[in-house]
$ cat query-v1.pdb   # PDB, C-alpha atoms
ATOM      1  CA  MET A 192     169.774-159.789 -82.300
ATOM      2  CA  GLN A 193     172.658-160.547 -79.966
ATOM      3  CA  ASN A 194     174.465-163.798 -80.733
ATOM      4  CA  PRO A 195     173.851-166.286 -77.885
ATOM      5  CA  LEU A 196     176.899-168.413 -78.736
ATOM      6  CA  ILE A 197     180.397-168.352 -77.299
ATOM      7  CA  TYR A 198     182.857-169.449 -79.995
ATOM      8  CA  ASN A 199     186.028-171.528 -79.929
ATOM      9  CA  ASN A 200     187.928-173.952 -82.172
ATOM     10  CA  PHE A 201     189.367-177.452 -82.156
ATOM     11  CA  ILE A 202     191.727-179.259 -84.531
ATOM     12  CA  THR A 203     190.746-182.437 -86.372
ATOM     13  CA  HIS A 204     192.761-185.613 -87.013
ATOM     14  CA  ASP A 205     193.948-184.156 -90.337
ATOM     15  CA  SER A 206     194.763-180.671 -88.997
ATOM     16  CA  ILE A 207     191.580-178.868 -90.103
ATOM     17  CA  LYS A 208     190.428-176.100 -87.758
ATOM     18  CA  ILE A 209     186.780-176.524 -86.797
ATOM     19  CA  ARG A 210     184.810-173.681 -85.240
ATOM     20  CA  TYR A 211     182.221-174.499 -82.603
ATOM     21  CA  GLY A 212     179.872-172.528 -80.381
ATOM     22  CA  TYR A 213     177.997-173.110 -77.154
ATOM     23  CA  THR A 214     175.669-171.457 -74.651
ATOM     24  CA  ASN A 215     175.612-171.420 -70.868
ATOM     25  CA  ILE A 216     172.072-170.549 -69.825
ATOM     26  CA  LYS A 217     171.570-169.132 -66.353
ATOM     27  CA  LYS A 218     169.469-171.906 -64.891
ATOM     28  CA  GLU A 219     170.311-174.088 -61.920
ATOM     29  CA  ASN A 220     169.189-177.235 -63.673
ATOM     30  CA  PRO A 221     169.145-177.066 -67.469
ATOM     31  CA  LYS A 222     167.091-179.856 -69.042
ATOM     32  CA  GLY A 223     170.064-180.924 -71.114
ATOM     33  CA  LEU A 224     172.321-180.018 -73.983
ATOM     34  CA  VAL A 225     171.024-179.835 -77.572
ATOM     35  CA  LEU A 226     173.618-180.741 -80.181
ATOM     36  CA  LEU A 227     172.568-178.679 -83.215
ATOM     37  CA  LEU A 228     173.794-180.000 -86.578
ATOM     38  CA  HIS A 229     172.976-177.730 -89.500
ATOM     39  CA  GLY A 230     172.860-178.448 -93.218
ATOM     40  CA  ARG A 231     175.179-177.972 -96.166
ATOM     41  CA  ALA A 232     176.309-174.389 -96.811
ATOM     42  CA  GLU A 233     174.925-173.244 -93.454
ATOM     43  CA  PHE A 234     176.677-171.870 -90.370
ATOM     44  CA  MET A 235     175.915-171.202 -86.719
ATOM     45  CA  GLU A 236     174.992-167.521 -87.081
ATOM     46  CA  LYS A 237     171.958-168.513 -89.142
ATOM     47  CA  TYR A 238     170.502-170.362 -86.154
ATOM     48  CA  LYS A 239     170.482-167.556 -83.556
ATOM     49  CA  GLU A 240     166.686-167.555 -83.187
ATOM     50  CA  ILE A 241     166.559-171.357 -82.998
ATOM     51  CA  ILE A 242     169.190-171.307 -80.266
ATOM     52  CA  PHE A 243     167.277-168.644 -78.311
ATOM     53  CA  SER A 244     164.129-170.783 -78.556
ATOM     54  CA  LEU A 245     165.983-173.808 -77.196
ATOM     55  CA  ASN A 246     167.515-171.725 -74.392
ATOM     56  CA  ASN A 247     164.061-170.437 -73.453
ATOM     57  CA  LYS A 248     162.844-174.044 -73.286
ATOM     58  CA  GLY A 249     165.580-174.775 -70.736
ATOM     59  CA  TYR A 250     168.259-176.322 -72.953
ATOM     60  CA  ASP A 251     171.852-175.347 -73.489
ATOM     61  CA  VAL A 252     172.999-175.596 -77.106
ATOM     62  CA  ILE A 253     176.269-176.628 -78.703
ATOM     63  CA  SER A 254     177.025-176.646 -82.423
ATOM     64  CA  LEU A 255     179.816-176.535 -84.996
ATOM     65  CA  ASP A 256     180.518-175.375 -88.524
ATOM     66  CA  TRP A 257     181.230-178.439 -90.664
ATOM     67  CA  ARG A 258     184.644-178.611 -92.307
ATOM     68  CA  GLY A 259     184.511-176.731 -95.583
ATOM     69  CA  GLN A 260     181.811-174.267 -94.556
ATOM     70  CA  GLY A 261     181.047-171.437 -92.159
ATOM     71  CA  LEU A 262     184.260-170.245 -90.512
ATOM     72  CA  SER A 263     185.789-173.716 -90.274
ATOM     73  CA  GLY A 264     188.832-174.661 -92.333
ATOM     74  CA  ARG A 265     188.702-175.506 -96.034
ATOM     75  CA  GLU A 266     190.377-178.275 -98.040
ATOM     76  CA  THR A 267     190.334-176.312-101.314
ATOM     77  CA  GLN A 268     192.075-173.069-102.228
ATOM     78  CA  ASN A 269     188.740-171.655-103.353
ATOM     79  CA  ARG A 270     186.751-171.427-100.105
ATOM     80  CA  GLN A 271     183.532-171.071-102.127
ATOM     81  CA  LYS A 272     183.594-174.722-103.228
ATOM     82  CA  GLY A 273     181.498-177.250-101.329
ATOM     83  CA  TYR A 274     184.045-180.025-100.892
ATOM     84  CA  VAL A 275     184.681-183.099 -98.787
ATOM     85  CA  LYS A 276     186.582-186.269 -99.706
ATOM     86  CA  ASN A 277     184.442-188.616 -97.667
ATOM     87  CA  PHE A 278     181.498-188.194 -95.304
ATOM     88  CA  ASN A 279     183.511-190.239 -92.807
ATOM     89  CA  ASP A 280     185.533-187.057 -92.260
ATOM     90  CA  TYR A 281     182.390-185.339 -90.962
ATOM     91  CA  LEU A 282     181.794-188.275 -88.627
ATOM     92  CA  ILE A 283     185.348-188.265 -87.307
ATOM     93  CA  ASP A 284     185.159-184.506 -86.709
ATOM     94  CA  LEU A 285     181.897-184.943 -84.812
ATOM     95  CA  LYS A 286     183.345-187.724 -82.634
ATOM     96  CA  ILE A 287     186.410-185.618 -81.801
ATOM     97  CA  PHE A 288     184.044-182.750 -80.944
ATOM     98  CA  PHE A 289     182.090-185.060 -78.665
ATOM     99  CA  ASP A 290     185.156-186.513 -76.949
ATOM    100  CA  LYS A 291     187.023-183.232 -76.511
ATOM    101  CA  ILE A 292     184.229-180.778 -75.800
ATOM    102  CA  ILE A 293     180.727-182.170 -75.361
ATOM    103  CA  ILE A 294     181.462-184.943 -72.880
ATOM    104  CA  ARG A 295     182.962-182.423 -70.459
ATOM    105  CA  ARG A 296     179.595-180.711 -70.151
ATOM    106  CA  ASN A 297     178.272-183.729 -68.237
ATOM    107  CA  GLN A 298     174.728-183.123 -69.507
ATOM    108  CA  PRO A 299     172.227-185.405 -71.243
ATOM    109  CA  VAL A 300     172.623-184.733 -74.981
ATOM    110  CA  PHE A 301     169.711-184.349 -77.411
ATOM    111  CA  LEU A 302     170.222-184.075 -81.160
ATOM    112  CA  LEU A 303     168.493-181.511 -83.392
ATOM    113  CA  SER A 304     169.637-181.783 -87.001
ATOM    114  CA  HIS A 305     168.716-180.407 -90.405
ATOM    115  CA  SER A 306     169.250-181.882 -93.892
ATOM    116  CA  MET A 307     172.915-182.931 -94.292
ATOM    117  CA  GLY A 308     173.302-182.608 -90.537
ATOM    118  CA  GLY A 309     170.588-185.237 -90.175
ATOM    119  CA  HIS A 310     172.436-187.605 -92.483
ATOM    120  CA  ILE A 311     175.633-187.284 -90.475
ATOM    121  CA  GLY A 312     173.664-187.424 -87.221
ATOM    122  CA  LEU A 313     172.013-190.725 -88.120
ATOM    123  CA  ARG A 314     175.343-192.302 -89.008
ATOM    124  CA  PHE A 315     176.723-190.990 -85.712
ATOM    125  CA  LEU A 316     173.913-192.734 -83.813
ATOM    126  CA  HIS A 317     174.829-195.958 -85.606
ATOM    127  CA  ASP A 318     178.584-195.747 -85.084
ATOM    128  CA  TYR A 319     178.523-194.398 -81.523
ATOM    129  CA  PRO A 320     175.492-195.753 -79.623
ATOM    130  CA  ASN A 321     174.275-194.472 -76.254
ATOM    131  CA  LEU A 322     175.799-190.986 -76.552
ATOM    132  CA  ILE A 323     172.562-189.262 -77.629
ATOM    133  CA  LYS A 324     169.423-189.506 -75.497
ATOM    134  CA  LYS A 325     166.917-188.546 -78.234
ATOM    135  CA  ALA A 326     167.269-187.309 -81.801
ATOM    136  CA  VAL A 327     165.133-185.050 -84.010
ATOM    137  CA  PHE A 328     165.793-185.064 -87.758
ATOM    138  CA  VAL A 329     164.363-182.124 -89.718
ATOM    139  CA  SER A 330     164.152-182.638 -93.503
ATOM    140  CA  PRO A 331     167.008-185.149 -93.227
ATOM    141  CA  MET A 332     169.111-185.822 -96.298
ATOM    142  CA  PHE A 333     168.758-189.599 -96.386
ATOM    143  CA  ASN A 334     168.605-189.417-100.188
ATOM    144  CA  ILE A 335     168.819-186.681-102.828
ATOM    145  CA  LYS A 336     166.339-185.757-105.538
ATOM    146  CA  THR A 337     168.080-185.818-108.926
ATOM    147  CA  PHE A 338     165.280-184.740-111.289
ATOM    148  CA  PRO A 339     165.348-184.541-114.297
ATOM    149  CA  PHE A 340     168.068-187.239-114.326
ATOM    150  CA  SER A 341     167.805-190.673-112.748
ATOM    151  CA  LYS A 342     169.919-191.432-109.688
ATOM    152  CA  PHE A 343     171.764-194.122-111.683
ATOM    153  CA  ILE A 344     172.838-191.664-114.388
ATOM    154  CA  THR A 345     173.743-188.947-111.889
ATOM    155  CA  LYS A 346     175.894-191.334-109.845
ATOM    156  CA  ALA A 347     177.642-192.594-112.977
ATOM    157  CA  ILE A 348     178.462-189.051-114.156
ATOM    158  CA  THR A 349     179.656-188.130-110.670
ATOM    159  CA  LYS A 350     181.968-191.118-110.364
ATOM    160  CA  ALA A 351     183.359-190.492-113.850
ATOM    161  CA  ALA A 352     184.090-186.855-112.983
ATOM    162  CA  CYS A 353     185.952-187.899-109.830
ATOM    163  CA  THR A 354     188.092-190.455-111.647
ATOM    164  CA  THR A 355     189.070-188.098-114.469
ATOM    165  CA  GLY A 356     190.508-185.245-112.441
ATOM    166  CA  PHE A 357     187.407-183.092-111.914
ATOM    167  CA  SER A 358     186.703-183.928-108.256
ATOM    168  CA  LYS A 359     187.351-180.375-107.058
ATOM    169  CA  HIS A 360     185.350-178.749-109.864
ATOM    170  CA  PHE A 361     181.796-177.502-109.356
ATOM    171  CA  VAL A 362     179.093-179.895-110.555
ATOM    172  CA  PHE A 363     177.112-178.856-113.631
ATOM    173  CA  GLY A 364     175.360-175.597-112.797
ATOM    174  CA  GLY A 365     177.402-175.098-109.650
ATOM    175  CA  LYS A 366     179.008-171.736-108.975
ATOM    176  CA  LYS A 367     180.181-169.429-106.223
ATOM    177  CA  TYR A 368     177.722-167.942-103.724
ATOM    178  CA  ASP A 369     175.063-165.742-105.301
ATOM    179  CA  SER A 370     173.413-163.187-103.027
ATOM    180  CA  MET A 371     170.463-163.022-105.441
ATOM    181  CA  ARG A 372     169.382-166.454-104.165
ATOM    182  CA  SER A 373     167.926-164.718-101.124
ATOM    183  CA  ASN A 374     165.834-162.382-103.248
ATOM    184  CA  HIS A 375     164.184-165.000-105.419
ATOM    185  CA  LYS A 376     160.455-164.956-104.736
ATOM    186  CA  LYS A 377     160.062-168.480-106.046
ATOM    187  CA  ASN A 378     162.698-170.049-103.814
ATOM    188  CA  ILE A 379     162.252-173.692-102.798
ATOM    189  CA  PHE A 380     163.537-173.330 -99.232
ATOM    190  CA  SER A 381     160.958-171.320 -97.274
ATOM    191  CA  HIS A 382     157.678-169.438 -97.721
ATOM    192  CA  ASP A 383     158.847-166.794 -95.224
ATOM    193  CA  SER A 384     160.912-164.146 -97.017
ATOM    194  CA  VAL A 385     162.222-162.639 -93.765
ATOM    195  CA  LYS A 386     163.438-165.951 -92.343
ATOM    196  CA  PHE A 387     164.782-166.954 -95.740
ATOM    197  CA  SER A 388     166.895-163.775 -95.839
ATOM    198  CA  ILE A 389     168.672-164.505 -92.544
ATOM    199  CA  GLN A 390     171.456-166.458 -94.213
ATOM    200  CA  ALA A 391     172.166-163.761 -96.812
ATOM    201  CA  ASN A 392     172.052-161.038 -94.155
ATOM    202  CA  GLU A 393     174.674-162.829 -92.069
ATOM    203  CA  ILE A 394     176.874-163.355 -95.128
ATOM    204  CA  GLU A 395     176.631-159.639 -95.915
ATOM    205  CA  LYS A 396     178.017-158.955 -92.429
ATOM    206  CA  ASN A 397     180.800-161.522 -92.889
ATOM    207  CA  PRO A 398     181.444-162.662 -96.488
ATOM    208  CA  ASP A 399     183.755-165.450 -95.250
ATOM    209  CA  LEU A 400     180.613-167.358 -94.211
ATOM    210  CA  ALA A 401     179.582-167.775 -97.841
ATOM    211  CA  ILE A 402     179.902-170.975 -99.806
ATOM    212  CA  GLY A 403     178.752-171.812-103.303
ATOM    213  CA  GLY A 404     177.677-175.032-104.979
ATOM    214  CA  VAL A 405     179.019-178.523-104.392
ATOM    215  CA  THR A 406     181.922-180.180-106.153
ATOM    216  CA  TRP A 407     181.876-183.594-107.801
ATOM    217  CA  ALA A 408     183.855-184.923-104.823
ATOM    218  CA  TRP A 409     181.191-183.783-102.340
ATOM    219  CA  LEU A 410     178.402-185.298-104.447
ATOM    220  CA  ASN A 411     180.283-188.574-104.840
ATOM    221  CA  ALA A 412     180.932-188.694-101.096
ATOM    222  CA  ALA A 413     177.236-188.021-100.441
ATOM    223  CA  TYR A 414     176.127-190.873-102.711
ATOM    224  CA  ASN A 415     178.609-193.271-101.119
ATOM    225  CA  SER A 416     177.345-192.353 -97.666
ATOM    226  CA  ILE A 417     173.694-192.653 -98.735
ATOM    227  CA  ASP A 418     174.444-196.181 -99.932
ATOM    228  CA  ILE A 419     175.792-197.009 -96.466
ATOM    229  CA  LEU A 420     172.864-195.428 -94.638
ATOM    230  CA  LEU A 421     170.223-197.209 -96.737
ATOM    231  CA  LYS A 422     171.779-200.663 -96.514
ATOM    232  CA  ASN A 423     169.523-203.359 -95.101
ATOM    233  CA  ASN A 424     170.101-203.875 -91.369
ATOM    234  CA  TYR A 425     172.098-200.633 -91.002
ATOM    235  CA  VAL A 426     169.751-198.470 -88.923
ATOM    236  CA  GLN A 427     168.030-201.426 -87.219
ATOM    237  CA  THR A 428     170.759-201.463 -84.559
ATOM    238  CA  ILE A 429     170.074-197.857 -83.479
ATOM    239  CA  ASN A 430     168.254-197.830 -80.135
ATOM    240  CA  THR A 431     168.024-194.048 -79.709
ATOM    241  CA  PRO A 432     164.433-192.734 -79.906
ATOM    242  CA  VAL A 433     164.102-190.774 -83.153
ATOM    243  CA  LEU A 434     161.617-188.252 -84.566
ATOM    244  CA  ILE A 435     161.783-187.646 -88.328
ATOM    245  CA  VAL A 436     160.076-184.437 -89.494
ATOM    246  CA  ASN A 437     159.314-184.307 -93.199
ATOM    247  CA  ALA A 438     158.643-181.168 -95.219
ATOM    248  CA  GLN A 439     155.676-182.047 -97.422
ATOM    249  CA  LYS A 440     156.806-179.831-100.327
ATOM    250  CA  ASP A 441     160.521-180.599-100.075
ATOM    251  CA  LYS A 442     162.152-180.421-103.517
ATOM    252  CA  LEU A 443     165.668-181.365-102.387
ATOM    253  CA  VAL A 444     165.517-184.618-100.429
ATOM    254  CA  LYS A 445     163.374-187.725-100.791
ATOM    255  CA  ARG A 446     160.467-188.447 -98.473
ATOM    256  CA  SER A 447     160.460-192.125 -99.485
ATOM    257  CA  SER A 448     163.939-192.659 -98.010
ATOM    258  CA  GLN A 449     162.930-190.860 -94.806
ATOM    259  CA  GLU A 450     159.982-193.256 -94.469
ATOM    260  CA  ILE A 451     162.175-196.277 -95.207
ATOM    261  CA  VAL A 452     164.615-195.255 -92.474
ATOM    262  CA  CYS A 453     161.781-194.547 -90.036
ATOM    263  CA  ASN A 454     160.215-197.954 -90.639
ATOM    264  CA  ARG A 455     163.533-199.687 -90.047
ATOM    265  CA  LEU A 456     164.409-197.859 -86.838
ATOM    266  CA  PRO A 457     163.312-199.695 -83.672
ATOM    267  CA  TYR A 458     162.130-196.550 -81.830
ATOM    268  CA  SER A 459     160.959-193.908 -84.268
ATOM    269  CA  SER A 460     158.059-191.730 -85.339
ATOM    270  CA  PHE A 461     157.385-189.794 -88.541
ATOM    271  CA  VAL A 462     155.643-186.457 -88.994
ATOM    272  CA  SER A 463     155.024-184.614 -92.251
ATOM    273  CA  ILE A 464     154.293-180.901 -91.990
ATOM    274  CA  LYS A 465     151.787-179.825 -94.626
ATOM    275  CA  ASN A 466     152.837-177.179 -97.184
ATOM    276  CA  SER A 467     156.349-176.842 -95.774
ATOM    277  CA  PHE A 468     159.415-176.347 -97.937
ATOM    278  CA  HIS A 469     162.823-177.805 -97.039
ATOM    279  CA  GLU A 470     163.849-175.370 -94.288
ATOM    280  CA  ILE A 471     161.129-176.078 -91.722
ATOM    281  CA  LEU A 472     162.957-174.192 -88.963
ATOM    282  CA  PHE A 473     162.887-171.048 -91.138
ATOM    283  CA  GLU A 474     159.384-171.414 -92.494
ATOM    284  CA  ASN A 475     156.361-169.220 -91.780
ATOM    285  CA  GLN A 476     155.131-168.917 -88.211
ATOM    286  CA  GLY A 477     152.361-171.487 -88.538
ATOM    287  CA  ILE A 478     154.719-174.186 -89.795
ATOM    288  CA  ARG A 479     157.326-173.362 -87.135
ATOM    289  CA  GLU A 480     154.715-173.594 -84.395
ATOM    290  CA  ILE A 481     153.652-177.026 -85.618
ATOM    291  CA  PHE A 482     157.288-178.154 -85.584
ATOM    292  CA  TRP A 483     157.941-176.922 -82.039
ATOM    293  CA  LYS A 484     154.800-178.648 -80.748
ATOM    294  CA  HIS A 485     156.047-181.959 -82.131
ATOM    295  CA  PHE A 486     159.568-181.267 -80.839
ATOM    296  CA  ASP A 487     158.385-180.470 -77.306
ATOM    297  CA  LYS A 488     156.090-183.482 -77.120
ATOM    298  CA  PHE A 489     158.787-185.860 -78.336
ATOM    299  CA  ILE A 490     161.657-184.526 -76.209
ATOM    300  CA  ASP A 491     159.566-184.259 -73.012
ATOM    301  CA  LEU A 492     158.227-187.826 -73.249
ATOM    302  CA  SER A 493     159.948-189.942 -70.630
TER     303      SER A 493
END

$ encode --input "query-v1.pdb" --output "C-alpha cells"
Amino acid sequence: MQNPLIYNNFITHDSIKIRYGYTNIKKENPKGLVLLLHGRAEFMEKYKEIIFSLNNKGYDVISLDWRGQGLSGRETQNRQKGYVKNFNDYLIDLKIFFDKIIIRRNQPVFLLSHSMGGHIGLRFLHDYPNLIKKAVFVSPMFNIKTFPFSKFITKAITKAACTTGFSKHFVFGGKKYDSMRSNHKKNIFSHDSVKFSIQANEIEKNPDLAIGGVTWAWLNAAYNSIDILLKNNYVQTINTPVLIVNAQKDKLVKRSSQEIVCNRLPYSSFVSIKNSFHEILFENQGIREIFWKHFDKFIDLS
C-alpha cells in the first residue's frame, strides 16, 4: 500500500526533532483536517489504512511521531527505551506543531486519538480551548491497569526508582522490541492477526521505527499526568464535543476512568464496543465497521 503521507520535521523548544506527516486530498472543499494522535510505541506508518479511510471520507489528515518514538528524536542513547521526563513535553510539542504547521492549513480541525494520544489530546483540549472542533478518543489512556499490583504500590515503586537513579532503566519486565509480539496468538491488542501484524511488518521494513518497553521515568510521568487529568473540576472546563470509544475487553487501560471523564465533560458521549481489544482501529472488520459508524455520526452532527 502506498503511503498517503508527505513527511517533514520541526524542532521543539528543547531541540528535539519531531517528524510529522500530512495529506493533501484532491477535493475542492475538504470537510476538514483530522489531527491523528497515535499511542505509545506507535508511528505514522502503522496508520496508512486509517488515513486512507479518512481521506475517502473527505478529510485531510495530519499527524506526528511523539518524541521518543517512531522516527522522531530520542532523549536516551538507547533508542529502544520508552522515555519522557514529563508529559508536559508532549503537550508543548503538540502546541508548537499546531502553531507552526496546523494553523497554516486554515481548516477546521477534528481530533482522532488512540490510547496515550487520547490522554495527551484531552489535556490539550483543556490547556488550549477552541482549537479543536470535535474530538474522538479511542481506548484513551485516562488511567492504567496495574494488575496484579495495586496502583498505590506501583506508583510508590515507580517514584522510588526515579529518585534512586533508575529513571532511564526499563521497568520490571521491560525490554527492547521483540518481533515475536506480533506472532503471539493470544495477544491482548486485536483479534485480527493481519491488522495486528501491520506494526511488525513496518518495523521489519525500517527497524528504526521500533521501540521497546517503558522506563521508570515514562511511567512516573504518566502517573503524574493521570493525577492532573482526573482532578476534580479539570475536564469540566472543556467545551469541545467529545466521543469516548471504549474497548469492552481492554486489558491495558481502565474503563472506569473513561466513564468518570465522560460524566464530567459538558459535551460528551460514551460508546463501548462489545468484544473489542485495546486497538479498536486494528480490530476485526465487524468491530471496525461499528467504530466508523459511530465516528461518522458524531463528526457529521452539526

$ residues_around --input "query-v1.pdb" --residues "A:Arg231" --least-positions-apart "2" --cutoff "12 Å" --atoms "all atoms listed in the file" --output "ChimeraX atom specification"
/A:228-229,233-235,256-261,272-275,281,304-311,331-332,401-405,409-410,413,443,470

$ write_last_selection --input "query-v1.pdb" --atoms "C-alpha atoms" --output "PDB file, keeping the file's coordinate frame"
ATOM      1  CA  LEU A 228     173.794-180.000 -86.578  1.00  0.00           C
ATOM      2  CA  HIS A 229     172.976-177.730 -89.500  1.00  0.00           C
ATOM      3  CA  GLU A 233     174.925-173.244 -93.454  1.00  0.00           C
ATOM      4  CA  PHE A 234     176.677-171.870 -90.370  1.00  0.00           C
ATOM      5  CA  MET A 235     175.915-171.202 -86.719  1.00  0.00           C
ATOM      6  CA  ASP A 256     180.518-175.375 -88.524  1.00  0.00           C
ATOM      7  CA  TRP A 257     181.230-178.439 -90.664  1.00  0.00           C
ATOM      8  CA  ARG A 258     184.644-178.611 -92.307  1.00  0.00           C
ATOM      9  CA  GLY A 259     184.511-176.731 -95.583  1.00  0.00           C
ATOM     10  CA  GLN A 260     181.811-174.267 -94.556  1.00  0.00           C
ATOM     11  CA  GLY A 261     181.047-171.437 -92.159  1.00  0.00           C
ATOM     12  CA  LYS A 272     183.594-174.722-103.228  1.00  0.00           C
ATOM     13  CA  GLY A 273     181.498-177.250-101.329  1.00  0.00           C
ATOM     14  CA  TYR A 274     184.045-180.025-100.892  1.00  0.00           C
ATOM     15  CA  VAL A 275     184.681-183.099 -98.787  1.00  0.00           C
ATOM     16  CA  TYR A 281     182.390-185.339 -90.962  1.00  0.00           C
ATOM     17  CA  SER A 304     169.637-181.783 -87.001  1.00  0.00           C
ATOM     18  CA  HIS A 305     168.716-180.407 -90.405  1.00  0.00           C
ATOM     19  CA  SER A 306     169.250-181.882 -93.892  1.00  0.00           C
ATOM     20  CA  MET A 307     172.915-182.931 -94.292  1.00  0.00           C
ATOM     21  CA  GLY A 308     173.302-182.608 -90.537  1.00  0.00           C
ATOM     22  CA  GLY A 309     170.588-185.237 -90.175  1.00  0.00           C
ATOM     23  CA  HIS A 310     172.436-187.605 -92.483  1.00  0.00           C
ATOM     24  CA  ILE A 311     175.633-187.284 -90.475  1.00  0.00           C
ATOM     25  CA  PRO A 331     167.008-185.149 -93.227  1.00  0.00           C
ATOM     26  CA  MET A 332     169.111-185.822 -96.298  1.00  0.00           C
ATOM     27  CA  ALA A 401     179.582-167.775 -97.841  1.00  0.00           C
ATOM     28  CA  ILE A 402     179.902-170.975 -99.806  1.00  0.00           C
ATOM     29  CA  GLY A 403     178.752-171.812-103.303  1.00  0.00           C
ATOM     30  CA  GLY A 404     177.677-175.032-104.979  1.00  0.00           C
ATOM     31  CA  VAL A 405     179.019-178.523-104.392  1.00  0.00           C
ATOM     32  CA  TRP A 409     181.191-183.783-102.340  1.00  0.00           C
ATOM     33  CA  LEU A 410     178.402-185.298-104.447  1.00  0.00           C
ATOM     34  CA  ALA A 413     177.236-188.021-100.441  1.00  0.00           C
ATOM     35  CA  LEU A 443     165.668-181.365-102.387  1.00  0.00           C
ATOM     36  CA  GLU A 470     163.849-175.370 -94.288  1.00  0.00           C
TER      37      GLU A 470
END

$ closest_residue --input "query-v1.pdb" --among "A:Ile283, A:Ile348, A:Val444, A:Ile292" --to "A:Ile335" --atoms "all atoms listed in the file"
A:Val444

$ closest_atom_pairs --input "query-v1.pdb" --of "stretch 265-347 of chain A" --to "stretch 205-225 of chain A" --cutoff "7 Å" --atoms "only C-alpha atoms" --output "JSON lines"
{"residue": "A:Gln298", "atom": "CA", "partner": "A:Gly223", "partner_atom": "CA", "distance": 5.4}
{"residue": "A:Pro299", "atom": "CA", "partner": "A:Gly223", "partner_atom": "CA", "distance": 5.0}
{"residue": "A:Val300", "atom": "CA", "partner": "A:Leu224", "partner_atom": "CA", "distance": 4.8}
{"residue": "A:Phe301", "atom": "CA", "partner": "A:Val225", "partner_atom": "CA", "distance": 4.7}
{"residue": "A:Leu302", "atom": "CA", "partner": "A:Val225", "partner_atom": "CA", "distance": 5.6}
{"residue": "A:Leu303", "atom": "CA", "partner": "A:Val225", "partner_atom": "CA", "distance": 6.6}

$ write_last_selection --input "query-v1.pdb" --atoms "C-alpha atoms" --output "PDB file, keeping the file's coordinate frame"
ATOM      1  CA  GLN A 298     174.728-183.123 -69.507  1.00  0.00           C
ATOM      2  CA  PRO A 299     172.227-185.405 -71.243  1.00  0.00           C
ATOM      3  CA  VAL A 300     172.623-184.733 -74.981  1.00  0.00           C
ATOM      4  CA  PHE A 301     169.711-184.349 -77.411  1.00  0.00           C
ATOM      5  CA  LEU A 302     170.222-184.075 -81.160  1.00  0.00           C
ATOM      6  CA  LEU A 303     168.493-181.511 -83.392  1.00  0.00           C
TER       7      LEU A 303
END

$ atom_distance --input "query-v1.pdb" --atom1 "atom CA of A:His469" --atom2 "atom CA of A:Trp407"
22.6 Å

$ atom_distance --input "query-v1.pdb" --atom1 "atom CA of A:Gln427" --atom2 "atom CA of A:Arg455"
5.6 Å

$ residues_near_point --input "query-v1.pdb" --point "(171.1, -200.5, -89.1)" --cutoff "12 Å" --atoms "only C-alpha atoms" --output "PDB file with C-alpha atoms, keeping the file's coordinate frame"
ATOM      1  CA  LEU A 313     172.013-190.725 -88.120  1.00  0.00           C
ATOM      2  CA  ARG A 314     175.343-192.302 -89.008  1.00  0.00           C
ATOM      3  CA  PHE A 315     176.723-190.990 -85.712  1.00  0.00           C
ATOM      4  CA  LEU A 316     173.913-192.734 -83.813  1.00  0.00           C
ATOM      5  CA  HIS A 317     174.829-195.958 -85.606  1.00  0.00           C
ATOM      6  CA  ASP A 318     178.584-195.747 -85.084  1.00  0.00           C
ATOM      7  CA  PRO A 320     175.492-195.753 -79.623  1.00  0.00           C
ATOM      8  CA  ILE A 419     175.792-197.009 -96.466  1.00  0.00           C
ATOM      9  CA  LEU A 420     172.864-195.428 -94.638  1.00  0.00           C
ATOM     10  CA  LEU A 421     170.223-197.209 -96.737  1.00  0.00           C
ATOM     11  CA  LYS A 422     171.779-200.663 -96.514  1.00  0.00           C
ATOM     12  CA  ASN A 423     169.523-203.359 -95.101  1.00  0.00           C
ATOM     13  CA  ASN A 424     170.101-203.875 -91.369  1.00  0.00           C
ATOM     14  CA  TYR A 425     172.098-200.633 -91.002  1.00  0.00           C
ATOM     15  CA  VAL A 426     169.751-198.470 -88.923  1.00  0.00           C
ATOM     16  CA  GLN A 427     168.030-201.426 -87.219  1.00  0.00           C
ATOM     17  CA  THR A 428     170.759-201.463 -84.559  1.00  0.00           C
ATOM     18  CA  ILE A 429     170.074-197.857 -83.479  1.00  0.00           C
ATOM     19  CA  ASN A 430     168.254-197.830 -80.135  1.00  0.00           C
ATOM     20  CA  THR A 431     168.024-194.048 -79.709  1.00  0.00           C
ATOM     21  CA  ILE A 451     162.175-196.277 -95.207  1.00  0.00           C
ATOM     22  CA  VAL A 452     164.615-195.255 -92.474  1.00  0.00           C
ATOM     23  CA  CYS A 453     161.781-194.547 -90.036  1.00  0.00           C
ATOM     24  CA  ASN A 454     160.215-197.954 -90.639  1.00  0.00           C
ATOM     25  CA  ARG A 455     163.533-199.687 -90.047  1.00  0.00           C
ATOM     26  CA  LEU A 456     164.409-197.859 -86.838  1.00  0.00           C
ATOM     27  CA  PRO A 457     163.312-199.695 -83.672  1.00  0.00           C
TER      28      PRO A 457
END

$ resolve_selection --input "query-v1.pdb" --expression "the PyMOL selection byres ((chain A and resi 386-389) around 9)" --output "ChimeraX atom specification"
/A:236-238,373-374,378,380-385,390-394,470,472-475

$ closest_residue --input "query-v1.pdb" --among "A:Thr406, A:Ser244, A:Asn321, A:Thr337" --to "A:Gln271" --atoms "only C-alpha atoms"
A:Thr406

$ atom_distance --input "query-v1.pdb" --atom1 "atom CA of A:Ile478" --atom2 "atom CA of A:Ile323"
26.3 Å

$ closest_residue --input "query-v1.pdb" --among "A:Asn247, A:Lys442, A:Ser467, A:Phe486" --to "A:Lys336" --atoms "all atoms listed in the file"
A:Lys442

$ closest_residue --input "query-v1.pdb" --among "A:Tyr368, A:Tyr250, A:Tyr414, A:Phe461" --to "A:Phe333" --atoms "only C-alpha atoms"
A:Tyr414

$ residues_around --input "query-v1.pdb" --residues "A:Phe489" --least-positions-apart "4" --cutoff "12 Å" --atoms "all atoms listed in the file" --output "list in words"
Phe301, Leu302, Leu303, Lys324, Lys325, Ala326, Val327, Phe328, Pro432, Val433, Leu434, Ile435, Val436, Tyr458, Ser459, Ser460, Phe461, Val462, Phe482, Trp483, Lys484, His485 and Ser493 of chain A

$ axis_aligned_box --input "query-v1.pdb" --around "stretch 259-266 of chain A" --padding-each-side "4 Å" --output "lines of an AutoDock Vina configuration file"
center_x = 185.7
center_y = -174.3
center_z = -94.2
size_x = 17.3
size_y = 16.0
size_z = 15.8
